[in-house]
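Undergrad: My file is model33.cif. It has mmCIF, C-alpha atoms:
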data_structure
loop_
_atom_site.label_atom_id
_atom_site.label_comp_id
_atom_site.auth_asym_id
_atom_site.auth_seq_id
_atom_site.Cartn_x
_atom_site.Cartn_y
_atom_site.Cartn_z
CA MET A 59 0.00 0.00 0.00
CA PRO A 60 1.52 3.37 -1.00
CA PRO A 61 2.02 5.90 1.81
CA VAL A 62 -0.70 8.44 2.48
CA SER A 63 0.72 11.93 1.92
CA GLN A 64 -2.23 13.66 3.54
CA ARG A 65 -5.01 11.90 5.39
CA LEU A 66 -8.39 12.65 3.86
CA THR A 67 -11.96 12.14 5.01
CA ILE A 68 -14.10 10.85 2.17
CA GLY A 69 -17.89 10.91 2.02
CA LEU A 70 -19.02 7.93 -0.06
CA THR A 71 -22.59 7.91 -1.31
CA GLY A 72 -24.84 6.60 -4.06
CA GLY A 73 -28.42 5.55 -4.62
CA ILE A 74 -29.75 2.10 -3.83
CA GLY A 75 -28.33 -0.45 -6.26
CA SER A 76 -25.50 1.81 -7.41
CA GLY A 77 -22.70 -0.42 -6.16
CA LYS A 78 -21.65 1.84 -3.28
CA SER A 79 -21.20 -1.05 -0.84
CA THR A 80 -18.92 -2.82 -3.30
CA VAL A 81 -16.80 0.30 -3.62
CA SER A 82 -16.62 0.72 0.17
CA GLN A 83 -15.25 -2.82 0.44
CA MET A 84 -12.65 -2.09 -2.24
CA LEU A 85 -11.53 1.05 -0.41
CA THR A 86 -11.23 -0.94 2.80
CA GLU A 87 -9.06 -3.49 1.02
CA LEU A 88 -6.81 -0.65 -0.15
CA GLY A 89 -6.32 0.45 3.45
CA ALA A 90 -9.07 2.95 4.19
CA HIS A 91 -10.74 3.08 7.59
CA LEU A 92 -14.45 2.59 6.93
CA VAL A 93 -17.23 4.15 8.98
CA ASP A 94 -20.51 2.63 7.76
CA THR A 95 -23.36 4.86 8.91
CA ASP A 96 -26.01 2.43 7.67
CA ALA A 97 -24.48 -0.32 9.82
CA ILE A 98 -24.48 2.10 12.75
CA ALA A 99 -28.17 2.85 12.18
CA ARG A 100 -28.96 -0.87 12.11
CA SER A 101 -27.11 -1.40 15.40
CA LEU A 102 -28.99 1.48 17.01
CA THR A 103 -32.32 -0.11 16.06
CA ALA A 104 -31.34 -3.72 16.85
CA PRO A 105 -32.38 -5.43 20.09
CA GLY A 106 -30.79 -3.47 22.93
CA GLY A 107 -29.85 -0.64 20.58
CA SER A 108 -29.50 2.88 21.94
CA ALA A 109 -32.45 4.18 19.89
CA ILE A 110 -35.01 1.53 20.83
CA ASP A 111 -36.43 3.23 23.94
CA ALA A 112 -36.85 6.56 22.15
CA ILE A 113 -38.50 4.89 19.14
CA ALA A 114 -40.97 3.07 21.40
CA GLN A 115 -41.71 6.29 23.26
CA HIS A 116 -42.28 8.40 20.15
CA PHE A 117 -43.96 5.83 17.89
CA GLY A 118 -45.44 3.23 20.21
CA SER A 119 -44.43 -0.26 21.26
CA HIS A 120 -46.07 -1.77 18.18
CA LEU A 121 -43.06 -0.49 16.18
CA ILE A 122 -40.81 -2.79 18.22
CA ASP A 123 -40.84 -6.46 17.20
CA ALA A 124 -40.85 -9.55 19.42
CA GLN A 125 -37.05 -9.65 19.48
CA GLY A 126 -36.81 -6.07 20.72
CA ALA A 127 -35.67 -4.51 17.45
CA MET A 128 -37.37 -1.76 15.48
CA ASP A 129 -39.84 -3.33 13.07
CA ARG A 130 -38.19 -2.11 9.89
CA ASN A 131 -41.07 -3.08 7.59
CA ARG A 132 -43.68 -1.26 9.69
CA MET A 133 -41.43 1.76 10.10
CA ARG A 134 -40.77 1.84 6.36
CA GLU A 135 -44.50 1.78 5.64
CA LEU A 136 -45.10 4.56 8.18
CA ALA A 137 -42.28 6.70 6.81
CA PHE A 138 -43.56 6.35 3.24
CA ALA A 139 -47.06 7.33 4.34
CA ASP A 140 -46.09 10.15 6.72
CA PRO A 141 -43.06 12.38 5.99
CA GLN A 142 -43.31 13.83 9.51
CA ALA A 143 -42.80 10.35 10.94
CA LEU A 144 -39.62 10.02 8.90
CA ALA A 145 -38.44 13.39 10.21
CA ARG A 146 -39.10 12.29 13.80
CA LEU A 147 -37.18 9.06 13.27
CA GLU A 148 -34.25 10.96 11.75
CA GLY A 149 -34.34 13.32 14.73
CA ILE A 150 -33.78 10.32 16.99
CA LEU A 151 -31.19 8.53 14.87
CA HIS A 152 -29.03 11.24 13.34
CA PRO A 153 -27.45 12.59 16.55
CA LEU A 154 -26.69 9.05 17.71
CA ILE A 155 -25.26 8.11 14.31
CA GLY A 156 -23.06 11.20 14.38
CA GLN A 157 -21.71 10.35 17.82
CA GLN A 158 -20.90 6.77 16.91
CA ALA A 159 -19.43 7.79 13.54
CA ASP A 160 -17.05 10.19 15.33
CA ALA A 161 -16.09 7.49 17.81
CA GLN A 162 -15.35 5.00 15.02
CA ALA A 163 -13.41 7.56 12.98
CA ALA A 164 -11.23 8.28 16.01
CA GLN A 165 -10.04 4.66 15.85
CA ALA A 166 -8.32 5.22 12.48
CA ARG A 167 -4.56 5.30 12.30
CA HIS A 168 -2.97 8.65 11.58
CA ASP A 169 -1.90 7.41 8.12
CA GLN A 170 -5.33 6.09 7.04
CA HIS A 171 -7.88 7.81 4.84
CA ILE A 172 -11.28 7.70 6.55
CA VAL A 173 -14.28 6.76 4.40
CA PHE A 174 -17.71 7.66 5.73
CA ASP A 175 -20.24 5.48 3.88
CA VAL A 176 -23.38 7.67 3.99
CA PRO A 177 -26.27 6.45 1.80
CA LEU A 178 -28.27 9.66 2.32
CA LEU A 179 -25.41 12.15 2.20
CA ALA A 180 -27.11 14.35 -0.41
CA GLU A 181 -30.39 14.25 1.53
CA SER A 182 -28.68 15.51 4.70
CA GLY A 183 -28.02 19.02 3.38
CA ARG A 184 -24.60 20.35 4.42
CA ARG A 185 -24.32 18.20 7.55
CA TRP A 186 -22.06 15.57 6.00
CA ARG A 187 -20.72 17.63 3.09
CA ASP A 188 -19.13 20.09 5.49
CA ARG A 189 -17.38 17.45 7.59
CA VAL A 190 -15.56 15.60 4.79
CA ASP A 191 -12.73 16.65 2.49
CA ARG A 192 -14.06 14.91 -0.61
CA VAL A 193 -17.35 13.40 -1.76
CA LEU A 194 -17.30 10.30 -3.98
CA VAL A 195 -20.59 9.47 -5.72
CA ILE A 196 -21.26 6.06 -7.24
CA ASP A 197 -23.78 6.68 -9.99
CA CYS A 198 -25.84 4.68 -12.46
CA ASP A 199 -29.07 4.91 -14.43
CA THR A 200 -32.34 4.58 -12.52
CA GLU A 201 -33.43 1.55 -14.52
CA THR A 202 -30.14 -0.13 -13.66
CA GLN A 203 -30.75 0.55 -9.97
CA ILE A 204 -34.22 -0.98 -10.17
CA ALA A 205 -33.01 -4.08 -12.00
CA ARG A 206 -30.15 -4.67 -9.55
CA VAL A 207 -32.29 -4.32 -6.42
CA MET A 208 -35.05 -6.53 -7.83
CA ALA A 209 -32.45 -9.18 -8.66
CA ARG A 210 -30.62 -9.14 -5.34
CA SER A 211 -33.50 -8.57 -2.92
CA ALA A 212 -36.49 -10.01 -4.80
CA TRP A 213 -38.38 -6.76 -4.19
CA PRO A 214 -41.24 -5.89 -6.53
CA ARG A 215 -40.57 -2.98 -8.83
CA GLU A 216 -43.06 -0.80 -6.95
CA ALA A 217 -41.14 -1.21 -3.68
CA VAL A 218 -37.86 -0.19 -5.31
CA GLU A 219 -39.51 2.82 -6.93
CA GLN A 220 -40.87 3.88 -3.53
CA VAL A 221 -37.37 3.87 -2.09
CA LEU A 222 -35.99 5.77 -5.07
CA ALA A 223 -38.70 8.39 -4.70
CA LYS A 224 -37.43 9.12 -1.17
CA GLN A 225 -33.81 9.41 -2.26
CA ALA A 226 -32.09 12.39 -3.85
CA GLN A 227 -32.11 12.68 -7.62
CA ARG A 228 -28.93 11.70 -9.41
CA GLU A 229 -28.28 15.30 -10.35
CA ALA A 230 -28.39 16.40 -6.70
CA ARG A 231 -25.81 13.80 -5.67
CA ARG A 232 -23.53 14.62 -8.58
CA ALA A 233 -23.72 18.32 -7.77
CA LEU A 234 -22.09 17.60 -4.40
CA ALA A 235 -19.41 15.33 -5.81
CA ASP A 236 -15.69 15.89 -6.09
CA HIS A 237 -15.45 12.53 -7.85
CA VAL A 238 -18.04 10.41 -9.68
CA ILE A 239 -17.73 6.78 -10.74
CA LEU A 240 -20.31 5.85 -13.34
CA ASN A 241 -21.01 2.21 -12.46
CA GLU A 242 -23.30 1.41 -15.35
CA THR A 243 -21.67 -1.30 -17.43
CA LEU A 244 -18.43 -1.80 -15.51
CA SER A 245 -17.27 -5.28 -14.61
CA ILE A 246 -16.01 -5.82 -11.06
CA GLU A 247 -12.42 -5.55 -12.26
CA GLU A 248 -13.15 -2.37 -14.23
CA LEU A 249 -14.83 -0.89 -11.16
CA ARG A 250 -11.81 -1.87 -9.07
CA GLY A 251 -9.60 -0.12 -11.61
CA GLU A 252 -11.58 3.12 -11.22
CA VAL A 253 -11.34 2.88 -7.43
CA ASN A 254 -7.59 2.25 -7.63
CA LYS A 255 -7.15 5.36 -9.79
CA LEU A 256 -8.92 7.48 -7.19
CA TRP A 257 -6.86 5.95 -4.41
CA GLU A 258 -3.66 6.89 -6.22
CA LEU A 259 -5.04 10.38 -6.81
CA TRP A 260 -5.80 10.88 -3.12
CA ASN A 261 -2.39 9.53 -2.08
CA ASN A 262 -0.66 11.93 -4.46
CA GLY A 263 -2.42 14.87 -2.83
CA ALA A 264 -4.58 15.75 -5.83
CA VAL A 265 -7.77 17.69 -5.17
CA ARG A 266 -10.08 16.53 -7.94
CA ASP A 267 -10.22 14.08 -10.78
#
Can you dump the structure from the file as structure tokens?

TA:
Amino acid sequence: MPPVSQRLTIGLTGGIGSGKSTVSQMLTELGAHLVDTDAIARSLTAPGGSAIDAIAQHFGSHLIDAQGAMDRNRMRELAFADPQALARLEGILHPLIGQQADAQAAQARHDQHIVFDVPLLAESGRRWRDRVDRVLVIDCDTETQIARVMARSAWPREAVEQVLAKQAQREARRALADHVILNETLSIEELRGEVNKLWELWNNGAVRD
């Protein structure tokens, strides 16, 4: 692994089905310290998670399943039907996610780039954009996103479209980006090649691609 000339904080984002998780794994393999905010959110809403009591208090115990976790399907249905419910949930989760993300980032070595994997970076306004040095967007066509999610998760098309409707438009994500990887027809090895190029760019102290 080449030496890091200047440690950077990278905000990694992309719509559902874009390949963002694959890229985060590749960056980890190259030596980055990964902070996965989606994984943090899942831990907060798992049995015994720090957000469970507040969720039960604000939404009712019926949103907590028999194992003591947030009922993700019921919460998803509620959030789609009621934008204010989504805002209340985000008000509970976002401060806790921020605290845990900071704690995990502090565990990085001084010579490691830190990658914050933030699925809803564009939807969060300036909150994440202002705390990272670079934003990397993994992008692809909407129809490609739908096909990938239907194939991997066996969701009906309507369910995928509902999720997409709640996410930022491609143009909004790209407008925030310092770097964009168009993951439309790339093979895994071609995608890895694009990630490697960015890694070399960051290690050489370059600002943009």

Undergrad: Got a sec to resolve the PyMOL selection byres ((chain A and resi 194-198) around 7) on this structure and send the residues as a ChimeraX atom specification?

TA: /A:68-72,76-78,192-193,199-200,202-203,231-232,235-242

Undergrad: I'd like the interatomic distance between CA of Leu222 (chain A) and CA of Val207 (chain A), to a tenth of an Å.

TA: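 Between CA of Leu222 (chain A) and CA of Val207 (chain A) the gap works out to 10.8 Å.
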
Undergrad: Smallest atom-to-atom distance to Ile113 (chain A): which of A:Ala230, A:Phe138, A:Leu151, A:Val81, using only C-alpha atoms?

TA: A:Leu151

Undergrad: Would you please work out which residue, of A:Leu179, A:Asn262, A:Gly107, A:Val221, is nearest to Glu135 (chain A) when using only C-alpha atoms?

TA: A:Val221

Undergrad: Would you mind reading off the distance between CA of Ala145 (chain A) and CA of Asp123 (chain A), one decimal, in Å?

TA: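 Atom-to-atom, CA of Ala145 (chain A) and CA of Asp123 (chain A) are spaced 21.2 Å apart.
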
Undergrad: Could you work out how far CA of Arg184 (chain A) lies from CA of Glu229 (chain A), giving the answer in Å with one decimal?

TA: 16.0 Å

Undergrad: Closest to Gln170 (chain A) among A:Leu85, A:Lys255, A:Arg100, A:Gly73, using only C-alpha atoms?

TA: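 So, comparing all the options, the nearest one is A:Leu85.
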
Undergrad: Which residues, written as a PyMOL selection string, have at least one atom at most 10 Å from Ser119 (chain A), with all atoms listed in the file counted and residues fewer than 5 positions away on the same chain left out?

TA: chain A and resi 110-111+113-114+126+128-129

Undergrad: Name the closest residue to Ser182 (chain A) among the candidates A:Thr243, A:Asn254, A:Gln225, A:Gln220; distances are taken between atoms, counting all atoms listed in the file.

TA: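 Checking each of A:Thr243, A:Asn254, A:Gln225, A:Gln220 against Ser182 (chain A), counting all atoms listed in the file, the winner is A:Gln225.
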
Undergrad: Can you work out which one of A:Gln227, A:Ser245, A:Gln157, A:Gln64 has the shortest atom-to-atom distance to Leu102 (chain A), counting only C-alpha atoms?

TA: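 For Leu102 (chain A), the nearest of the candidates is A:Gln157.
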
Undergrad: Measuring between all atoms listed in the file, which one of A:Leu144, A:Gln125, A:Ala97, A:Ile172 shows the shortest distance to Trp260 (chain A)?

TA: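 For Trp260 (chain A), the nearest of the candidates is A:Ile172.
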
Undergrad: With the PyMOL selection byres ((chain A and resi 171) around 7) as the selection, what would be picked from this file? Answer as a VMD selection string, please.

TA: chain A and resid 65 to 67 90 to 91 169 to 170 172 to 173

Undergrad: Please return the centre and edge lengths, in Å to one decimal, of a box with edges along x, y and z that contains all listed atoms of region 110-121 of chain A, widened by 8 Å on every side, as JSON.

TA:
{"center_x": -40.5, "center_y": 3.3, "center_z": 20.1, "size_x": 27.1, "size_y": 26.2, "size_z": 23.8}

Undergrad: Would you mind exporting region 190-209 of chain A with N, CA and C atoms, as a PDB file, in the first residue's frame?

TA:
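To be explicit, this is the file written out as decode.pdb:
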ATOM      1  N   VAL A 190     -16.500  16.440   5.535  1.00  0.00           N
ATOM      2  CA  VAL A 190     -15.561  15.604   4.791  1.00  0.00           C
ATOM      3  C   VAL A 190     -14.767  16.452   3.812  1.00  0.00           C
ATOM      4  N   ASP A 191     -13.590  15.936   3.438  1.00  0.00           N
ATOM      5  CA  ASP A 191     -12.731  16.652   2.492  1.00  0.00           C
ATOM      6  C   ASP A 191     -13.154  16.437   1.048  1.00  0.00           C
ATOM      7  N   ARG A 192     -13.650  15.252   0.748  1.00  0.00           N
ATOM      8  CA  ARG A 192     -14.063  14.906  -0.613  1.00  0.00           C
ATOM      9  C   ARG A 192     -15.374  14.135  -0.553  1.00  0.00           C
ATOM     10  N   VAL A 193     -16.154  14.230  -1.611  1.00  0.00           N
ATOM     11  CA  VAL A 193     -17.345  13.398  -1.765  1.00  0.00           C
ATOM     12  C   VAL A 193     -17.189  12.557  -3.022  1.00  0.00           C
ATOM     13  N   LEU A 194     -17.336  11.246  -2.852  1.00  0.00           N
ATOM     14  CA  LEU A 194     -17.305  10.305  -3.976  1.00  0.00           C
ATOM     15  C   LEU A 194     -18.713   9.763  -4.183  1.00  0.00           C
ATOM     16  N   VAL A 195     -19.249   9.953  -5.371  1.00  0.00           N
ATOM     17  CA  VAL A 195     -20.586   9.472  -5.718  1.00  0.00           C
ATOM     18  C   VAL A 195     -20.467   8.297  -6.672  1.00  0.00           C
ATOM     19  N   ILE A 196     -21.137   7.202  -6.333  1.00  0.00           N
ATOM     20  CA  ILE A 196     -21.256   6.063  -7.242  1.00  0.00           C
ATOM     21  C   ILE A 196     -22.616   6.204  -7.929  1.00  0.00           C
ATOM     22  N   ASP A 197     -22.590   6.287  -9.240  1.00  0.00           N
ATOM     23  CA  ASP A 197     -23.778   6.678  -9.988  1.00  0.00           C
ATOM     24  C   ASP A 197     -24.119   5.628 -11.042  1.00  0.00           C
ATOM     25  N   CYS A 198     -25.395   5.503 -11.335  1.00  0.00           N
ATOM     26  CA  CYS A 198     -25.837   4.684 -12.459  1.00  0.00           C
ATOM     27  C   CYS A 198     -27.264   5.086 -12.819  1.00  0.00           C
ATOM     28  N   ASP A 199     -27.728   4.602 -13.944  1.00  0.00           N
ATOM     29  CA  ASP A 199     -29.066   4.912 -14.428  1.00  0.00           C
ATOM     30  C   ASP A 199     -30.130   4.332 -13.495  1.00  0.00           C
ATOM     31  N   THR A 200     -31.264   5.023 -13.406  1.00  0.00           N
ATOM     32  CA  THR A 200     -32.343   4.581 -12.518  1.00  0.00           C
ATOM     33  C   THR A 200     -32.825   3.182 -12.863  1.00  0.00           C
ATOM     34  N   GLU A 201     -32.977   2.876 -14.130  1.00  0.00           N
ATOM     35  CA  GLU A 201     -33.427   1.547 -14.516  1.00  0.00           C
ATOM     36  C   GLU A 201     -32.433   0.468 -14.100  1.00  0.00           C
ATOM     37  N   THR A 202     -31.156   0.809 -14.128  1.00  0.00           N
ATOM     38  CA  THR A 202     -30.140  -0.129 -13.657  1.00  0.00           C
ATOM     39  C   THR A 202     -30.282  -0.370 -12.166  1.00  0.00           C
ATOM     40  N   GLN A 203     -30.525   0.701 -11.411  1.00  0.00           N
ATOM     41  CA  GLN A 203     -30.751   0.551  -9.975  1.00  0.00           C
ATOM     42  C   GLN A 203     -31.918  -0.391  -9.700  1.00  0.00           C
ATOM     43  N   ILE A 204     -33.020  -0.171 -10.397  1.00  0.00           N
ATOM     44  CA  ILE A 204     -34.217  -0.984 -10.171  1.00  0.00           C
ATOM     45  C   ILE A 204     -33.935  -2.443 -10.476  1.00  0.00           C
ATOM     46  N   ALA A 205     -33.296  -2.698 -11.606  1.00  0.00           N
ATOM     47  CA  ALA A 205     -33.014  -4.081 -12.001  1.00  0.00           C
ATOM     48  C   ALA A 205     -32.104  -4.768 -10.987  1.00  0.00           C
ATOM     49  N   ARG A 206     -31.080  -4.065 -10.499  1.00  0.00           N
ATOM     50  CA  ARG A 206     -30.148  -4.669  -9.547  1.00  0.00           C
ATOM     51  C   ARG A 206     -30.838  -5.006  -8.226  1.00  0.00           C
ATOM     52  N   VAL A 207     -31.644  -4.083  -7.709  1.00  0.00           N
ATOM     53  CA  VAL A 207     -32.287  -4.324  -6.420  1.00  0.00           C
ATOM     54  C   VAL A 207     -33.320  -5.433  -6.537  1.00  0.00           C
ATOM     55  N   MET A 208     -34.086  -5.447  -7.627  1.00  0.00           N
ATOM     56  CA  MET A 208     -35.048  -6.528  -7.826  1.00  0.00           C
ATOM     57  C   MET A 208     -34.345  -7.887  -7.889  1.00  0.00           C
ATOM     58  N   ALA A 209     -33.171  -7.919  -8.522  1.00  0.00           N
ATOM     59  CA  ALA A 209     -32.451  -9.182  -8.664  1.00  0.00           C
ATOM     60  C   ALA A 209     -31.866  -9.655  -7.345  1.00  0.00           C
TER      61      ALA A 209
END
